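**Student:** Would you mind keeping the following structure in view while I ask a few things?
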Amino acid sequence: MRTPQVVVVMGVAGTGKTTIGPLLAARLGVPYAEGDDFHPQANIDKMSAGIPLDDADRWPWLDAIGHWAHGRAGLGGVVSSSALKRAYRDRLRSVAPGAVFLHLTGDRRLIEERMTQRQGHFMPTALLDSQFATLQPLEADEAGVAVDVGGSPQEITERAVRALAALADTTGGSQ
């Protein structure tokens, strides 16, 4: 029997982490945690003001997400986190070594268009360039898959489910 995966849905702002994460969790029958909820208020205030976070801002946030993921080991779960740099993913894995990453990727124009359509989110489109500049895609030695965000949320979720299942099959069924 396959051990349920703990999946970190990653990518730049606007790729759909908050949309795909819950859909993926529902398809996998596991709980979803919104990564933005782990941010301290100081981080939200900074981003709302259009100021990118620095690493010192991110470490406590990543640790909190990692602890949630660690608590779901063997049970499965889905959590969102931009996890743009390898160092951030390494930090998450240091707390939750079995976590796998679902990198939502896509064309910058499409992502910016989607960002301009969403309402009530603290991340301004002005920070999109800094997100892309910071992004370090998954490397070959990292447990994870990349999925394009073109299409409907349901189509993206189905691609993610298939890619994660294939990853689990190649790694012996557990992460």
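If you're wondering about the labels, chains in the structure tokens are A, B, ... by order shown, residues count from 1 in each chain, ligands from 1 in order shown.
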Can you check which parts of segment 8-29 of chain A lie within 12 Å of segment 50-72 of chain A? Per residue, the shortest pair of atoms and distance in Å to one decimal, counting only C-alpha atoms, sorted by chain and number, as CSV.

**Tutor:**
```
residue,atom,partner,partner_atom,distance
A:Val8,CA,A:Ala69,CA,8.2
A:Val9,CA,A:Ile65,CA,11.5
A:Ala13,CA,A:Pro52,CA,11.9
```

**Student:** I want to know what sits within 8 Å of Pro137 of chain A, based on only C-alpha atoms, with residues of the same chain fewer than 2 positions away left out; could you give that as an NGL selection string?

**Tutor:** :A and (84-86 or 103 or 135 or 139)

**Student:** If you run DSSP on the backbone here, which positions in segment 3-126 of chain A get strand (DSSP E or B)? Please write them as number ranges by chain.

**Tutor:** A: 6-10, 32-33, 77-80, 100-105

**Student:** Could you write those residues out with N, CA, C and O atoms, as a compact mmCIF listing (two decimals), in the first residue's frame?

**Tutor:**
```
# COMPACT_ATOMS: atom_id res chain seq x y z
N VAL A 6 2.94 13.87 1.38
CA VAL A 6 2.78 15.24 1.85
C VAL A 6 3.32 16.10 0.72
O VAL A 6 4.50 16.02 0.38
N VAL A 7 2.45 16.88 0.11
CA VAL A 7 2.78 17.65 -1.09
C VAL A 7 2.84 19.13 -0.76
O VAL A 7 1.90 19.68 -0.17
N VAL A 8 3.94 19.77 -1.14
CA VAL A 8 4.08 21.22 -1.04
C VAL A 8 3.84 21.77 -2.44
O VAL A 8 4.59 21.50 -3.36
N VAL A 9 2.74 22.53 -2.60
CA VAL A 9 2.42 23.15 -3.87
C VAL A 9 3.19 24.47 -3.93
O VAL A 9 2.97 25.35 -3.10
N MET A 10 4.11 24.57 -4.89
CA MET A 10 5.03 25.71 -4.95
C MET A 10 4.91 26.44 -6.28
O MET A 10 4.38 25.91 -7.24
N TYR A 32 -5.79 20.15 3.55
CA TYR A 32 -5.04 21.22 2.90
C TYR A 32 -4.75 22.31 3.92
O TYR A 32 -5.60 22.65 4.74
N ALA A 33 -3.53 22.86 3.86
CA ALA A 33 -3.16 24.01 4.68
C ALA A 33 -2.69 25.13 3.76
O ALA A 33 -1.84 24.91 2.89
N GLY A 77 -1.01 15.06 3.11
CA GLY A 77 -1.49 16.42 3.24
C GLY A 77 -0.98 17.25 2.09
O GLY A 77 -0.06 16.85 1.38
N VAL A 78 -1.59 18.40 1.91
CA VAL A 78 -1.17 19.34 0.88
C VAL A 78 -1.07 20.71 1.54
O VAL A 78 -1.97 21.12 2.27
N VAL A 79 0.05 21.38 1.29
CA VAL A 79 0.26 22.72 1.82
C VAL A 79 0.87 23.58 0.72
O VAL A 79 1.63 23.08 -0.11
N SER A 80 0.52 24.85 0.69
CA SER A 80 1.09 25.74 -0.32
C SER A 80 2.24 26.54 0.29
O SER A 80 2.22 26.87 1.47
N VAL A 100 7.16 16.13 -0.82
CA VAL A 100 7.41 16.22 -2.26
C VAL A 100 6.84 17.55 -2.74
O VAL A 100 5.92 18.11 -2.14
N PHE A 101 7.39 18.04 -3.84
CA PHE A 101 7.00 19.36 -4.34
C PHE A 101 6.25 19.26 -5.65
O PHE A 101 6.64 18.48 -6.53
N LEU A 102 5.18 20.03 -5.74
CA LEU A 102 4.43 20.19 -6.98
C LEU A 102 4.67 21.62 -7.42
O LEU A 102 4.14 22.56 -6.82
N HIS A 103 5.52 21.80 -8.44
CA HIS A 103 5.86 23.13 -8.93
C HIS A 103 4.87 23.52 -10.02
O HIS A 103 4.87 22.92 -11.10
N LEU A 104 4.05 24.51 -9.73
CA LEU A 104 3.12 25.05 -10.72
C LEU A 104 3.87 26.07 -11.57
O LEU A 104 4.38 27.06 -11.04
N THR A 105 3.97 25.79 -12.86
CA THR A 105 4.75 26.63 -13.76
C THR A 105 3.83 27.20 -14.84
O THR A 105 2.78 26.64 -15.12
```

**Student:** Can you tell me, as a JSON list (two decimals) with N, CA and C atoms, in the first residue's frame, what residues are no more than 10 Å from Leu164 of chain A when counting only C-alpha atoms, ignoring any on the same chain fewer than 4 positions away?

**Tutor:**
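Dumped everything to out_1.json:
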```json
[["chain", "number", "residue", "atom", "x", "y", "z"],
["A", 5, "GLN", "N", 1.27, 10.89, 0.29],
["A", 5, "GLN", "CA", 2.30, 11.91, 0.16],
["A", 5, "GLN", "C", 1.92, 13.18, 0.92],
["A", 7, "VAL", "N", 2.45, 16.88, 0.11],
["A", 7, "VAL", "CA", 2.78, 17.65, -1.09],
["A", 7, "VAL", "C", 2.84, 19.13, -0.76],
["A", 100, "VAL", "N", 7.16, 16.13, -0.82],
["A", 100, "VAL", "CA", 7.41, 16.22, -2.26],
["A", 100, "VAL", "C", 6.84, 17.55, -2.74],
["A", 101, "PHE", "N", 7.39, 18.04, -3.84],
["A", 101, "PHE", "CA", 7.00, 19.36, -4.34],
["A", 101, "PHE", "C", 6.25, 19.26, -5.65],
["A", 102, "LEU", "N", 5.18, 20.03, -5.74],
["A", 102, "LEU", "CA", 4.43, 20.19, -6.98],
["A", 102, "LEU", "C", 4.67, 21.62, -7.42],
["A", 143, "ALA", "N", 12.75, 15.65, -4.82],
["A", 143, "ALA", "CA", 11.52, 14.89, -5.02],
["A", 143, "ALA", "C", 10.40, 15.86, -5.38],
["A", 144, "GLY", "N", 9.97, 15.79, -6.62],
["A", 144, "GLY", "CA", 8.91, 16.68, -7.04],
["A", 144, "GLY", "C", 8.65, 16.61, -8.52],
["A", 145, "VAL", "N", 7.61, 17.31, -8.92],
["A", 145, "VAL", "CA", 7.19, 17.36, -10.33],
["A", 145, "VAL", "C", 6.78, 18.78, -10.67],
["A", 146, "ALA", "N", 6.91, 19.13, -11.94],
["A", 146, "ALA", "CA", 6.45, 20.43, -12.44],
["A", 146, "ALA", "C", 5.23, 20.21, -13.31],
["A", 147, "VAL", "N", 4.23, 21.05, -13.14],
["A", 147, "VAL", "CA", 2.99, 20.96, -13.89],
["A", 147, "VAL", "C", 2.64, 22.34, -14.42],
["A", 158, "GLU", "N", -5.80, 17.43, -12.40],
["A", 158, "GLU", "CA", -5.67, 16.07, -12.95],
["A", 158, "GLU", "C", -4.24, 15.81, -13.41],
["A", 159, "ARG", "N", -3.60, 16.79, -14.05],
["A", 159, "ARG", "CA", -2.19, 16.63, -14.44],
["A", 159, "ARG", "C", -1.32, 16.42, -13.21],
["A", 160, "ALA", "N", -1.61, 17.17, -12.15],
["A", 160, "ALA", "CA", -0.83, 17.05, -10.91],
["A", 160, "ALA", "C", -1.01, 15.67, -10.29],
["A", 168, "ALA", "N", 5.51, 8.80, -7.27],
["A", 168, "ALA", "CA", 5.44, 7.81, -6.18],
["A", 168, "ALA", "C", 5.80, 6.42, -6.71],
["A", 169, "ASP", "N", 5.37, 6.10, -7.92],
["A", 169, "ASP", "CA", 5.69, 4.80, -8.52],
["A", 169, "ASP", "C", 7.20, 4.64, -8.75],
["A", 170, "THR", "N", 7.87, 5.72, -9.12],
["A", 170, "THR", "CA", 9.31, 5.62, -9.40],
["A", 170, "THR", "C", 10.15, 5.66, -8.14]]
```

**Student:** With only C-alpha atoms as the basis for distance, which of A:Gly16, A:Gly76, A:Leu28, A:Thr171 is at the shortest distance from Glu112 of chain A?

**Tutor:**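 Ranked by minimum distance to Glu112 of chain A, first place goes to A:Gly16.
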
**Student:** Rank A:Val30, A:Ala25, A:Phe38, A:Tyr88 by their smallest atom-to-atom distance to Thr134 of chain A, using only C-alpha atoms, and report the top residue only.

**Tutor:**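 So, comparing all the options, the nearest one is A:Tyr88.
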